[in-house]
>>> print(open('input_33.pdb').read())   # PDB, C-alpha atoms, pLDDT in the B column
MODEL        1
ATOM      1  CA  MET A  16     121.679 104.616 111.124  1.00 96.00           C
ATOM      2  CA  ILE A  17     119.872 101.304 110.693  1.00 95.00           C
ATOM      3  CA  GLU A  18     123.101  99.383 111.276  1.00 94.00           C
ATOM      4  CA  ILE A  19     123.748 101.366 114.448  1.00 95.00           C
ATOM      5  CA  ALA A  20     120.152 100.903 115.604  1.00 95.00           C
ATOM      6  CA  LEU A  21     120.403  97.138 115.131  1.00 93.00           C
ATOM      7  CA  GLU A  22     123.352  96.832 117.494  1.00 87.00           C
ATOM      8  CA  SER A  23     122.702  96.333 121.171  1.00 67.00           C
ATOM      9  CA  GLU A  24     122.725  99.387 123.433  1.00 64.00           C
ATOM     10  CA  ASN A  25     125.786  98.126 125.286  1.00 65.00           C
ATOM     11  CA  GLU A  26     128.079  97.415 122.373  1.00 78.00           C
ATOM     12  CA  GLY A  27     127.966  99.987 119.590  1.00 86.00           C
ATOM     13  CA  ILE A  28     129.275  99.204 116.117  1.00 92.00           C
ATOM     14  CA  PHE A  29     132.609  99.821 114.385  1.00 92.00           C
ATOM     15  CA  GLN A  30     132.624 102.228 111.474  1.00 91.00           C
ATOM     16  CA  LYS A  31     134.364  99.608 109.319  1.00 92.00           C
ATOM     17  CA  ASP A  32     131.522  97.162 110.045  1.00 93.00           C
ATOM     18  CA  ILE A  33     128.917  99.726 108.993  1.00 94.00           C
ATOM     19  CA  ALA A  34     130.853 100.318 105.760  1.00 94.00           C
ATOM     20  CA  LEU A  35     131.012  96.591 105.031  1.00 95.00           C
ATOM     21  CA  LYS A  36     127.325  95.988 105.762  1.00 93.00           C
ATOM     22  CA  GLN A  37     126.270  98.947 103.618  1.00 95.00           C
ATOM     23  CA  ASN A  38     128.862  98.324 100.885  1.00 96.00           C
ATOM     24  CA  ILE A  39     130.308 101.852 101.060  1.00 95.00           C
ATOM     25  CA  SER A  40     133.850 103.085 101.656  1.00 95.00           C
ATOM     26  CA  VAL A  41     135.002 104.042 105.145  1.00 91.00           C
ATOM     27  CA  LYS A  42     136.184 107.366 103.713  1.00 94.00           C
ATOM     28  CA  TYR A  43     132.684 108.158 102.408  1.00 95.00           C
ATOM     29  CA  LEU A  44     131.187 106.986 105.686  1.00 95.00           C
ATOM     30  CA  ASP A  45     133.455 109.453 107.536  1.00 93.00           C
ATOM     31  CA  HIS A  46     131.365 112.317 106.135  1.00 95.00           C
ATOM     32  CA  ILE A  47     128.094 110.631 107.058  1.00 96.00           C
ATOM     33  CA  ILE A  48     129.289 109.861 110.603  1.00 95.00           C
ATOM     34  CA  ALA A  49     130.496 113.456 111.055  1.00 95.00           C
ATOM     35  CA  ALA A  50     127.104 114.890 110.062  1.00 97.00           C
ATOM     36  CA  LEU A  51     125.239 112.457 112.323  1.00 97.00           C
ATOM     37  CA  LYS A  52     127.493 113.363 115.276  1.00 96.00           C
ATOM     38  CA  VAL A  53     127.031 117.109 114.697  1.00 97.00           C
ATOM     39  CA  ALA A  54     123.253 116.568 114.561  1.00 98.00           C
ATOM     40  CA  GLY A  55     123.471 114.759 117.898  1.00 97.00           C
ATOM     41  CA  LEU A  56     121.993 111.530 116.547  1.00 97.00           C
ATOM     42  CA  ILE A  57     124.963 109.271 117.327  1.00 96.00           C
ATOM     43  CA  ILE A  58     127.713 109.268 119.910  1.00 94.00           C
ATOM     44  CA  PRO A  59     131.090 107.544 120.087  1.00 91.00           C
ATOM     45  CA  PHE A  60     131.092 104.491 122.307  1.00 84.00           C
ATOM     46  CA  ARG A  61     134.061 102.989 124.033  1.00 76.00           C
ATOM     47  CA  GLY A  62     134.115  99.756 125.903  1.00 64.00           C
ATOM     48  CA  ARG A  63     134.503  96.130 125.008  1.00 62.00           C
ATOM     49  CA  LYS A  64     133.778  97.145 121.442  1.00 58.00           C
ATOM     50  CA  SER A  65     134.374 100.785 120.543  1.00 65.00           C
ATOM     51  CA  GLY A  66     132.426 102.468 117.787  1.00 86.00           C
ATOM     52  CA  TYR A  67     129.155 104.351 117.563  1.00 93.00           C
ATOM     53  CA  LYS A  68     125.740 104.061 119.112  1.00 93.00           C
ATOM     54  CA  LEU A  69     122.544 106.061 118.991  1.00 95.00           C
ATOM     55  CA  SER A  70     122.316 109.087 121.246  1.00 95.00           C
ATOM     56  CA  ARG A  71     118.710 108.197 122.131  1.00 95.00           C
ATOM     57  CA  PRO A  72     116.280 105.332 121.527  1.00 95.00           C
ATOM     58  CA  SER A  73     115.635 104.543 117.872  1.00 95.00           C
ATOM     59  CA  ASN A  74     111.880 104.979 118.297  1.00 96.00           C
ATOM     60  CA  THR A  75     112.477 108.672 119.138  1.00 97.00           C
ATOM     61  CA  ILE A  76     114.612 109.384 116.046  1.00 97.00           C
ATOM     62  CA  THR A  77     112.501 110.241 113.015  1.00 98.00           C
ATOM     63  CA  ILE A  78     113.526 109.958 109.405  1.00 98.00           C
ATOM     64  CA  LEU A  79     113.122 113.741 109.264  1.00 98.00           C
ATOM     65  CA  ASP A  80     115.748 114.049 112.038  1.00 98.00           C
ATOM     66  CA  ILE A  81     118.149 112.012 109.908  1.00 98.00           C
ATOM     67  CA  HIS A  82     117.371 114.003 106.764  1.00 98.00           C
ATOM     68  CA  LEU A  83     117.969 117.288 108.609  1.00 97.00           C
ATOM     69  CA  ALA A  84     121.449 116.070 109.574  1.00 98.00           C
ATOM     70  CA  PHE A  85     122.355 116.445 105.896  1.00 97.00           C
ATOM     71  CA  GLU A  86     119.986 119.040 104.438  1.00 94.00           C
ATOM     72  CA  PRO A  87     118.621 122.323 105.828  1.00 90.00           C
ATOM     73  CA  GLY A  88     115.019 121.250 105.272  1.00 90.00           C
ATOM     74  CA  ILE A  89     112.506 119.823 102.855  1.00 92.00           C
ATOM     75  CA  CYS A  90     111.579 121.869  99.834  1.00 90.00           C
ATOM     76  CA  VAL A  91     110.026 120.221  96.789  1.00 90.00           C
ATOM     77  CA  VAL A  92     110.327 123.369  94.660  1.00 88.00           C
ATOM     78  CA  ASP A  93     112.751 126.281  94.977  1.00 83.00           C
ATOM     79  CA  CYS A  94     110.047 128.941  95.246  1.00 82.00           C
ATOM     80  CA  LEU A  95     109.065 127.542  98.672  1.00 81.00           C
ATOM     81  CA  ARG A  96     112.491 128.180 100.183  1.00 81.00           C
ATOM     82  CA  LYS A  97     112.660 130.852 102.864  1.00 79.00           C
ATOM     83  CA  GLY A  98     113.621 134.149 101.331  1.00 78.00           C
ATOM     84  CA  ALA A  99     112.812 132.988  97.802  1.00 81.00           C
ATOM     85  CA  ASP A 100     111.616 135.838  95.645  1.00 82.00           C
ATOM     86  CA  CYS A 101     109.243 134.764  92.898  1.00 82.00           C
ATOM     87  CA  GLU A 102     107.933 137.354  90.485  1.00 82.00           C
ATOM     88  CA  ARG A 103     104.955 135.077  89.714  1.00 83.00           C
ATOM     89  CA  GLU A 104     103.914 134.592  93.350  1.00 79.00           C
ATOM     90  CA  GLU A 105     100.745 136.692  93.091  1.00 82.00           C
ATOM     91  CA  ILE A 106      99.442 134.824  90.032  1.00 90.00           C
ATOM     92  CA  CYS A 107     100.751 131.330  90.789  1.00 89.00           C
ATOM     93  CA  ALA A 108      97.986 128.741  90.623  1.00 90.00           C
ATOM     94  CA  VAL A 109     100.066 125.869  91.999  1.00 91.00           C
ATOM     95  CA  VAL A 110     101.880 127.302  95.016  1.00 87.00           C
ATOM     96  CA  ASP A 111      99.224 125.946  97.406  1.00 89.00           C
ATOM     97  CA  PHE A 112      99.597 122.505  95.834  1.00 94.00           C
ATOM     98  CA  TRP A 113     103.392 122.533  96.324  1.00 92.00           C
ATOM     99  CA  GLU A 114     103.072 123.812  99.892  1.00 91.00           C
ATOM    100  CA  GLU A 115     100.601 121.022 100.751  1.00 95.00           C
ATOM    101  CA  LEU A 116     102.827 118.380  99.141  1.00 96.00           C
ATOM    102  CA  ASN A 117     105.817 119.733 101.038  1.00 94.00           C
ATOM    103  CA  THR A 118     103.854 119.555 104.304  1.00 95.00           C
ATOM    104  CA  GLN A 119     102.739 115.989 103.569  1.00 97.00           C
ATOM    105  CA  ILE A 120     106.327 114.889 102.926  1.00 97.00           C
ATOM    106  CA  ILE A 121     107.518 116.487 106.161  1.00 97.00           C
ATOM    107  CA  ASP A 122     104.664 114.909 108.120  1.00 98.00           C
ATOM    108  CA  TYR A 123     105.414 111.487 106.610  1.00 98.00           C
ATOM    109  CA  LEU A 124     109.123 111.728 107.482  1.00 98.00           C
ATOM    110  CA  LYS A 125     108.146 112.751 111.033  1.00 98.00           C
ATOM    111  CA  SER A 126     105.770 109.791 111.331  1.00 98.00           C
ATOM    112  CA  CYS A 127     108.401 107.173 110.492  1.00 98.00           C
ATOM    113  CA  SER A 128     111.015 106.329 113.097  1.00 98.00           C
ATOM    114  CA  LEU A 129     114.411 104.733 112.792  1.00 97.00           C
ATOM    115  CA  SER A 130     113.067 101.759 114.753  1.00 96.00           C
ATOM    116  CA  ASP A 131     110.370 101.293 112.078  1.00 97.00           C
ATOM    117  CA  LEU A 132     113.074 100.882 109.431  1.00 97.00           C
ATOM    118  CA  ALA A 133     115.268  98.733 111.668  1.00 95.00           C
ATOM    119  CA  ASP A 134     112.293  96.432 112.309  1.00 95.00           C
ATOM    120  CA  LYS A 135     111.703  96.210 108.570  1.00 96.00           C
ATOM    121  CA  LYS A 136     115.318  95.179 108.018  1.00 93.00           C
ATOM    122  CA  ILE A 137     114.991  92.498 110.693  1.00 91.00           C
ATOM    123  CA  ASP A 138     111.867  91.185 108.941  1.00 93.00           C
ATOM    124  CA  ILE A 139     113.703  91.071 105.601  1.00 93.00           C
ATOM    125  CA  LEU A 140     116.686  89.262 107.133  1.00 90.00           C
ATOM    126  CA  ASN A 141     114.367  86.754 108.825  1.00 91.00           C
ATOM    127  CA  LYS A 142     112.586  86.044 105.528  1.00 91.00           C
ATOM    128  CA  LEU A 143     115.929  85.528 103.797  1.00 89.00           C
ATOM    129  CA  SER A 144     117.179  83.140 106.468  1.00 86.00           C
ATOM    130  CA  THR A 145     113.909  81.183 106.274  1.00 86.00           C
ATOM    131  CA  LYS A 146     114.328  80.798 102.488  1.00 82.00           C
ATOM    132  CA  GLU A 147     117.907  79.563 102.945  1.00 77.00           C
ATOM    133  CA  ALA A 148     116.882  76.961 105.530  1.00 66.00           C
TER     134      ALA A 148
ENDMDL
END
>>> encode(input="input_33.pdb", output="structure tokens")
Amino acid sequence: MIEIALESENEGIFQKDIALKQNISVKYLDHIIAALKVAGLIIPFRGRKSGYKLSRPSNTITILDIHLAFEPGICVVDCLRKGADCEREEICAVVDFWEELNTQIIDYLKSCSLSDLADKKIDILNKLSTKEA
């Protein structure tokens, strides 16, 4: 998603270029791309350079949105899952702790956008290029 976010709105990025930049196989990336398309986070782009681009601005895509493309939700312990039946529920001293931690994780993932991470990558690349110069 960061690689796609870093490309200009008008061009998109080839899947093979994403795979090279992230050092993963195109075959593995196929599964990632499929999930991101189903979640409505990316769209195919055809033009001078065909590939993929974001379906909406990167500052409106949260890290939680990306996580939910691959997992049904956030759940730090199994007993918090919907429909979970725990025989210790009535005497559990830590369920409130786990629920609060779960909420904090969700809130943190909601508070961080794809553009935040893309900006961080740009900063890292700029620092590296300054060191090389």
>>> residues_near_point(input="input_33.pdb", point="(124.0, 105.1, 118.1)", cutoff="6 Å", atoms="all atoms listed in the file", output="list in words")
Ile19, Ile57, Ile58, Tyr67, Lys68, Leu69 and Ser70 of chain A
>>> residues_around(input="input_33.pdb", residues="A:Asp80", least_positions_apart="6", cutoff="9 Å", atoms="only C-alpha atoms", output="list in words")
Ala54, Leu56, Leu124 and Lys125 of chain A
>>> atom_distance(input="input_33.pdb", atom1="atom CA of A:Gln37", atom2="atom CA of A:Glu18")
8.3 Å
>>> atom_distance(input="input_33.pdb", atom1="atom CA of A:Asp131", atom2="atom CA of A:Ile81")
13.4 Å
>>> closest_residue(input="input_33.pdb", among="A:Val110, A:Lys97, A:Met16, A:Lys31", to="A:His82", atoms="all atoms listed in the file")
A:Met16
>>> resolve_selection(input="input_33.pdb", expression="the PyMOL selection byres ((chain A and resi 132-143) around 10)", output="JSON, numbers by chain")
{"A": [16, 17, 18, 19, 20, 21, 73, 74, 78, 127, 128, 129, 130, 131, 144, 145, 146, 147, 148]}
>>> write_last_selection(input="input_33.pdb", atoms="C-alpha atoms", output="PDB file, keeping the file's coordinate frame")
ATOM      1  CA  MET A  16     121.679 104.616 111.124  1.00 96.00           C
ATOM      2  CA  ILE A  17     119.872 101.304 110.693  1.00 95.00           C
ATOM      3  CA  GLU A  18     123.101  99.383 111.276  1.00 94.00           C
ATOM      4  CA  ILE A  19     123.748 101.366 114.448  1.00 95.00           C
ATOM      5  CA  ALA A  20     120.152 100.903 115.604  1.00 95.00           C
ATOM      6  CA  LEU A  21     120.403  97.138 115.131  1.00 93.00           C
ATOM      7  CA  SER A  73     115.635 104.543 117.872  1.00 95.00           C
ATOM      8  CA  ASN A  74     111.880 104.979 118.297  1.00 96.00           C
ATOM      9  CA  ILE A  78     113.526 109.958 109.405  1.00 98.00           C
ATOM     10  CA  CYS A 127     108.401 107.173 110.492  1.00 98.00           C
ATOM     11  CA  SER A 128     111.015 106.329 113.097  1.00 98.00           C
ATOM     12  CA  LEU A 129     114.411 104.733 112.792  1.00 97.00           C
ATOM     13  CA  SER A 130     113.067 101.759 114.753  1.00 96.00           C
ATOM     14  CA  ASP A 131     110.370 101.293 112.078  1.00 97.00           C
ATOM     15  CA  SER A 144     117.179  83.140 106.468  1.00 86.00           C
ATOM     16  CA  THR A 145     113.909  81.183 106.274  1.00 86.00           C
ATOM     17  CA  LYS A 146     114.328  80.798 102.488  1.00 82.00           C
ATOM     18  CA  GLU A 147     117.907  79.563 102.945  1.00 77.00           C
ATOM     19  CA  ALA A 148     116.882  76.961 105.530  1.00 66.00           C
TER      20      ALA A 148
END
>>> atom_distance(input="input_33.pdb", atom1="atom CA of A:Ala49", atom2="atom CA of A:Gln30")
11.4 Å
>>> closest_residue(input="input_33.pdb", among="A:Cys94, A:Ile39, A:Ile28, A:Ala99", to="A:Pro59", atoms="only C-alpha atoms")
A:Ile28
>>> closest_residue(input="input_33.pdb", among="A:Cys107, A:Leu79, A:Val92, A:Ile47", to="A:Ile121", atoms="all atoms listed in the file")
A:Leu79
>>> closest_residue(input="input_33.pdb", among="A:Leu35, A:Asn117, A:Val109, A:Lys52", to="A:Arg96", atoms="all atoms listed in the file")
A:Asn117
